[in-house]
2 protein chains.
Amino acid sequence: MTTSNTTETTLFMTTENLLSQWQGHRRLTRRVIEAFPEDKLFDYSIGGMRTFAEMMKEIIDISGPGIRSIATENWENTGGFDKHTLDPEYQTKAGLLKLWDQGTELINAYLPLIPESRFQENIVVFGQYEGITFSSILYFIDNEIHHRAQGTVYLRSLGIEPPAFWNRD
Amino acid sequence: MTTSNTTETTLFMTTENLLSQWQGHRRLTRRVIEAFPEDKLFDYSIGGMRTFAEMMKEIIDISGPGIRSIATENWENTGGFDKHTLDPEYQTKAGLLKLWDQGTELINAYLPLIPESRFQENIVVFGQYEGITFSSILYFIDNEIHHRAQGTVYLRSLGIEPPAFWNRD
């Protein structure tokens with residue numbers, strides 16, 4: 001049992017709330033990946049931006065491994081965000097979806113293992129990005145929402161209706 | 001003084017953390033509005049989507065008034081998301097930025113007034129959207145990130161480099 005002074009800080013949400021929210025985002029982002037035709041996922045872009053597959057490789061490389069490393073305090077073998085570009089699994093939609101699901105499993109397994117006291121501590125993620133632990137985790141999620149939204153513009157420009165933003169089931 | 005059992009729930013972040021994060025997003029979104037040429041803000045779109053001005057009108061109508069209404073538990077005169085379309089202030093970039101800043105002030109003023117106990121309570125926002133209070137507030141923020149990201153694709157397709165996603169100062 002701990003005691004907190006609610007006149008100084010108020011709890012906005014618990015770690016369980018955060019995980020539940022993120023799981024909803026992961027489901028929606030997975031549907032956006034699925035909505036792409038296989039070829040467009042890997043060769044379509046607007047305004048010189050990356051393909052949606054490249055954006056999702058970034059999210060795959062950051063979110064699951066990042067949460068595992070925050071929980072274990074071991075950052076070995078993470079941060080090489082370009083190293084997967086040539087991996088065969090990253091070259092097909094089925095492969096990306098499999099890696100996506102593996103990332104979701106890492107989040108589900110490791111986020112609950114991070115001690116509460118750590119969320120307000122300073123951290124350096126992937127050996128280079130300084131922040132406070134809670135804000136670094138929110139950055140992972142915000143980055144997913146950001147790139148997913150860019151993917152929805154790609155879909156619209158291809159004449160494909162994106163999965164509904166409000167549906168997180 | 002209150003007592004909480006940390007074996008059941010852990011605090012991910014405080015309301016102060018949430019407000020600070022959101023303020024960073026508001027600053028970044030404001031810069032994305034500013035980055036648009038005046039005419040493109042109101043007449044440019046991709047794939048049949050709304051203009052960026054229309055998307056930002058939605059965020060302006062939801063976020064500030066939504067937080068004020070959650071704090072005051074008074075939802076009168078909110079929710080008419082189309083009623084501002086013809087208002088003169090919504091027809092210029094300077095007008096949108098002024099309304100944006102007014103919305104930020106509402107968030108800054110009213111978010112801290114929401115009692116901690118309310119965040120885990122069920123709520124119906126704008127008379128129609130059911131949720132838990134913390135998740136409804138996160139939805140406001142996620143919706144801002146989502147539409148801002150769509151605006152960055154518009155900018156790229158116009159040959160304009162968007163403001164950096166990581167910079168929230």
# chains A, B, ... in the order shown; residues from 1 in each chain; ligands from 1

$ residues_around --residues "segment 116-127 of chain B" --least-positions-apart "3" --cutoff "7 Å" --atoms "only C-alpha atoms" --output "PDB file with C-alpha atoms, in the first residue's frame"
ATOM      1  CA  THR A  10      -3.893  13.570  -9.893  1.00  0.00           C
ATOM      2  CA  LEU A  11      -3.941  10.254 -11.664  1.00  0.00           C
ATOM      3  CA  PHE A  12      -5.101  10.580 -15.258  1.00  0.00           C
TER       4      PHE A  12
ATOM      5  CA  TRP B  75     -22.970  20.333 -22.780  1.00  0.00           C
ATOM      6  CA  THR B  78     -21.692  22.190 -28.167  1.00  0.00           C
ATOM      7  CA  GLY B  79     -21.721  19.475 -30.747  1.00  0.00           C
ATOM      8  CA  GLU B 130     -20.128   7.018 -24.971  1.00  0.00           C
ATOM      9  CA  GLY B 131     -16.814   6.289 -23.302  1.00  0.00           C
ATOM     10  CA  ILE B 132     -14.789   6.480 -20.124  1.00  0.00           C
ATOM     11  CA  THR B 133     -13.710  10.041 -19.393  1.00  0.00           C
ATOM     12  CA  PHE B 134      -9.949   9.397 -19.761  1.00  0.00           C
TER      13      PHE B 134
END

$ residues_around --residues "segment 57-72 of chain A" --least-positions-apart "2" --cutoff "9 Å" --atoms "only C-alpha atoms" --output "PyMOL selection string"
chain A and resi 52-55+74-76+78-82+84-85+90+96+99-100+102-115+123+125-126+133+137+140-141+143-144+147

$ write_last_selection --atoms "C-alpha atoms" --output "PDB file, in the first residue's frame"
ATOM      1  CA  PHE A  52       3.533   2.605 -45.943  1.00  0.00           C
ATOM      2  CA  ALA A  53       5.542  -0.621 -45.524  1.00  0.00           C
ATOM      3  CA  GLU A  54       8.643   1.427 -44.659  1.00  0.00           C
ATOM      4  CA  MET A  55       6.694   3.422 -42.075  1.00  0.00           C
ATOM      5  CA  ASN A  74      18.704  -3.987 -21.836  1.00  0.00           C
ATOM      6  CA  TRP A  75      19.092  -2.114 -25.123  1.00  0.00           C
ATOM      7  CA  GLU A  76      21.394  -4.584 -26.882  1.00  0.00           C
ATOM      8  CA  THR A  78      17.919  -2.631 -30.822  1.00  0.00           C
ATOM      9  CA  GLY A  79      17.986   0.651 -32.653  1.00  0.00           C
ATOM     10  CA  GLY A  80      19.298  -0.596 -35.987  1.00  0.00           C
ATOM     11  CA  PHE A  81      16.187   0.609 -37.731  1.00  0.00           C
ATOM     12  CA  ASP A  82      17.539   0.033 -41.228  1.00  0.00           C
ATOM     13  CA  HIS A  84      15.528  -5.132 -41.400  1.00  0.00           C
ATOM     14  CA  THR A  85      15.008  -3.560 -44.785  1.00  0.00           C
ATOM     15  CA  TYR A  90       9.602  -7.463 -44.270  1.00  0.00           C
ATOM     16  CA  LEU A  96       4.663  -7.567 -41.993  1.00  0.00           C
ATOM     17  CA  LEU A  99       5.926  -9.142 -37.333  1.00  0.00           C
ATOM     18  CA  TRP A 100       3.165  -6.737 -36.283  1.00  0.00           C
ATOM     19  CA  GLN A 102       4.823 -10.387 -32.617  1.00  0.00           C
ATOM     20  CA  GLY A 103       5.308  -6.738 -31.665  1.00  0.00           C
ATOM     21  CA  THR A 104       1.858  -6.610 -30.091  1.00  0.00           C
ATOM     22  CA  GLU A 105       2.742  -9.691 -28.037  1.00  0.00           C
ATOM     23  CA  LEU A 106       5.930  -7.996 -26.797  1.00  0.00           C
ATOM     24  CA  ILE A 107       3.914  -4.939 -25.713  1.00  0.00           C
ATOM     25  CA  ASN A 108       1.318  -7.110 -23.972  1.00  0.00           C
ATOM     26  CA  ALA A 109       4.004  -9.101 -22.171  1.00  0.00           C
ATOM     27  CA  TYR A 110       6.465  -6.397 -21.142  1.00  0.00           C
ATOM     28  CA  LEU A 111       4.477  -3.199 -20.540  1.00  0.00           C
ATOM     29  CA  PRO A 112       2.908  -4.628 -17.346  1.00  0.00           C
ATOM     30  CA  LEU A 113       6.399  -5.548 -16.077  1.00  0.00           C
ATOM     31  CA  ILE A 114       7.666  -1.955 -15.964  1.00  0.00           C
ATOM     32  CA  PRO A 115       7.703  -0.860 -12.300  1.00  0.00           C
ATOM     33  CA  ILE A 123      15.474   7.542 -19.825  1.00  0.00           C
ATOM     34  CA  VAL A 125      15.759   5.003 -25.469  1.00  0.00           C
ATOM     35  CA  PHE A 126      17.623   3.195 -28.247  1.00  0.00           C
ATOM     36  CA  THR A 133       9.747   7.097 -19.529  1.00  0.00           C
ATOM     37  CA  ILE A 137       6.116   5.398 -24.432  1.00  0.00           C
ATOM     38  CA  PHE A 140       5.860   5.319 -29.612  1.00  0.00           C
ATOM     39  CA  ILE A 141       2.041   5.410 -29.699  1.00  0.00           C
ATOM     40  CA  ASN A 143       4.250   7.873 -33.917  1.00  0.00           C
ATOM     41  CA  GLU A 144       2.028   4.890 -34.741  1.00  0.00           C
ATOM     42  CA  HIS A 147       2.126   7.154 -39.682  1.00  0.00           C
TER      43      HIS A 147
END

$ closest_atom_pairs --of "chain A" --to "chain B" --cutoff "6 Å" --atoms "only C-alpha atoms" --output "CSV"
residue,atom,partner,partner_atom,distance
A:Met1,CA,B:Asn5,CA,4.9
A:Thr3,CA,B:Thr3,CA,4.8
A:Asn5,CA,B:Met1,CA,5.1
A:Thr10,CA,B:Thr14,CA,5.3
A:Leu11,CA,B:Thr14,CA,4.5
A:Phe12,CA,B:Thr15,CA,4.7
A:Thr14,CA,B:Leu11,CA,4.4
A:Thr15,CA,B:Phe12,CA,4.7
A:Gly47,CA,B:Ser157,CA,4.1
A:Glu116,CA,B:Thr10,CA,5.7
A:His146,CA,B:Ala149,CA,5.2
A:Ala149,CA,B:His146,CA,5.2
A:Gln150,CA,B:Gln150,CA,5.3
A:Arg156,CA,B:Gly47,CA,4.8
A:Ser157,CA,B:Gly47,CA,4.1

$ select_by_dssp --residues "chain B" --states "strand (DSSP E)" --output "ChimeraX atom specification"
/B:2-4,11-14,122-125,129-132

$ write_last_selection --atoms "N, CA and C atoms" --output "short mmCIF file (atom, residue, chain, number, x, y, z; two decimals), in the first residue's frame"
data_model
loop_
_atom_site.label_atom_id
_atom_site.label_comp_id
_atom_site.auth_asym_id
_atom_site.auth_seq_id
_atom_site.Cartn_x
_atom_site.Cartn_y
_atom_site.Cartn_z
N THR B 2 -5.14 10.23 0.06
CA THR B 2 -5.85 9.02 -0.31
C THR B 2 -4.87 7.85 -0.34
N THR B 3 -5.42 6.69 -0.29
CA THR B 3 -4.58 5.49 -0.30
C THR B 3 -4.93 4.65 -1.53
N SER B 4 -3.92 4.17 -2.22
CA SER B 4 -4.20 3.32 -3.37
C SER B 4 -3.36 2.06 -3.28
N LEU B 11 0.03 3.77 -11.60
CA LEU B 11 -0.15 5.06 -12.26
C LEU B 11 0.78 5.17 -13.45
N PHE B 12 0.22 5.40 -14.63
CA PHE B 12 1.07 5.61 -15.80
C PHE B 12 1.50 7.07 -15.89
N MET B 13 0.54 7.96 -15.75
CA MET B 13 0.90 9.38 -15.74
C MET B 13 -0.18 10.18 -15.04
N THR B 14 0.21 11.38 -14.66
CA THR B 14 -0.70 12.27 -13.97
C THR B 14 -1.44 13.15 -14.97
N ASN B 122 -17.87 6.60 -16.55
CA ASN B 122 -18.47 6.62 -17.88
C ASN B 122 -18.98 8.02 -18.19
N ILE B 123 -19.00 8.35 -19.47
CA ILE B 123 -19.42 9.68 -19.88
C ILE B 123 -20.04 9.58 -21.28
N VAL B 124 -20.91 10.53 -21.59
CA VAL B 124 -21.41 10.69 -22.96
C VAL B 124 -20.99 12.09 -23.40
N VAL B 125 -20.08 12.18 -24.36
CA VAL B 125 -19.61 13.50 -24.77
C VAL B 125 -20.40 13.98 -25.98
N TYR B 129 -21.47 10.43 -27.77
CA TYR B 129 -20.35 9.49 -27.83
C TYR B 129 -20.05 8.93 -26.45
N GLU B 130 -20.34 7.64 -26.27
CA GLU B 130 -20.13 7.02 -24.97
C GLU B 130 -18.68 6.59 -24.79
N GLY B 131 -18.17 6.73 -23.58
CA GLY B 131 -16.81 6.29 -23.30
C GLY B 131 -16.52 6.41 -21.82
N ILE B 132 -15.26 6.19 -21.47
CA ILE B 132 -14.79 6.48 -20.12
C ILE B 132 -14.07 7.82 -20.24
#

$ decode --residues "segment 56-136 of chain A" --atoms "C-alpha atoms" --output "short mmCIF file (atom, residue, chain, number, x, y, z; two decimals), in the first residue's frame"
data_model
loop_
_atom_site.label_atom_id
_atom_site.label_comp_id
_atom_site.auth_asym_id
_atom_site.auth_seq_id
_atom_site.Cartn_x
_atom_site.Cartn_y
_atom_site.Cartn_z
CA MET A 56 5.32 0.24 -40.51
CA LYS A 57 8.81 -1.30 -40.39
CA GLU A 58 9.79 1.69 -38.26
CA ILE A 59 6.87 1.14 -35.89
CA ILE A 60 7.61 -2.60 -35.71
CA ASP A 61 11.27 -1.93 -34.91
CA ILE A 62 10.44 0.64 -32.22
CA SER A 63 7.33 -0.30 -30.27
CA GLY A 64 7.70 -3.96 -29.23
CA PRO A 65 11.49 -3.96 -28.83
CA GLY A 66 11.30 -0.54 -27.13
CA ILE A 67 8.85 -1.69 -24.47
CA ARG A 68 10.84 -4.89 -23.90
CA SER A 69 14.01 -2.87 -23.46
CA ILE A 70 12.39 -0.38 -21.10
CA ALA A 71 11.17 -3.31 -18.99
CA THR A 72 14.45 -5.23 -19.04
CA GLU A 73 16.77 -2.19 -19.11
CA ASN A 74 18.70 -3.99 -21.84
CA TRP A 75 19.09 -2.11 -25.12
CA GLU A 76 21.39 -4.58 -26.88
CA ASN A 77 20.47 -5.42 -30.46
CA THR A 78 17.92 -2.63 -30.82
CA GLY A 79 17.99 0.65 -32.65
CA GLY A 80 19.30 -0.60 -35.99
CA PHE A 81 16.19 0.61 -37.73
CA ASP A 82 17.54 0.03 -41.23
CA LYS A 83 18.85 -3.46 -40.66
CA HIS A 84 15.53 -5.13 -41.40
CA THR A 85 15.01 -3.56 -44.79
CA LEU A 86 16.42 -6.58 -46.56
CA ASP A 87 14.95 -9.26 -44.29
CA PRO A 88 12.60 -11.48 -46.31
CA GLU A 89 9.78 -11.20 -43.75
CA TYR A 90 9.60 -7.46 -44.27
CA GLN A 91 8.98 -7.84 -48.02
CA THR A 92 5.44 -9.23 -47.95
CA LYS A 93 2.17 -8.12 -46.38
CA ALA A 94 1.80 -11.48 -44.62
CA GLY A 95 5.32 -11.11 -43.23
CA LEU A 96 4.66 -7.57 -41.99
CA LEU A 97 1.43 -8.67 -40.32
CA LYS A 98 3.25 -11.53 -38.60
CA LEU A 99 5.93 -9.14 -37.33
CA TRP A 100 3.16 -6.74 -36.28
CA ASP A 101 1.51 -9.44 -34.19
CA GLN A 102 4.82 -10.39 -32.62
CA GLY A 103 5.31 -6.74 -31.67
CA THR A 104 1.86 -6.61 -30.09
CA GLU A 105 2.74 -9.69 -28.04
CA LEU A 106 5.93 -8.00 -26.80
CA ILE A 107 3.91 -4.94 -25.71
CA ASN A 108 1.32 -7.11 -23.97
CA ALA A 109 4.00 -9.10 -22.17
CA TYR A 110 6.47 -6.40 -21.14
CA LEU A 111 4.48 -3.20 -20.54
CA PRO A 112 2.91 -4.63 -17.35
CA LEU A 113 6.40 -5.55 -16.08
CA ILE A 114 7.67 -1.95 -15.96
CA PRO A 115 7.70 -0.86 -12.30
CA GLU A 116 5.42 2.13 -11.61
CA SER A 117 8.31 4.15 -10.22
CA ARG A 118 10.05 4.07 -13.59
CA PHE A 119 7.42 6.01 -15.54
CA GLN A 120 8.50 9.36 -14.07
CA GLU A 121 12.24 8.66 -14.44
CA ASN A 122 14.49 10.03 -17.15
CA ILE A 123 15.47 7.54 -19.82
CA VAL A 124 17.52 7.29 -23.01
CA VAL A 125 15.76 5.00 -25.47
CA PHE A 126 17.62 3.19 -28.25
CA GLY A 127 20.84 4.71 -26.95
CA GLN A 128 20.02 8.19 -28.20
CA TYR A 129 16.55 9.64 -27.48
CA GLU A 130 16.28 11.35 -24.10
CA GLY A 131 12.93 11.66 -22.36
CA ILE A 132 10.84 10.73 -19.37
CA THR A 133 9.75 7.10 -19.53
CA PHE A 134 6.00 7.81 -19.80
CA SER A 135 6.59 10.39 -22.54
CA SER A 136 8.86 8.04 -24.49
#
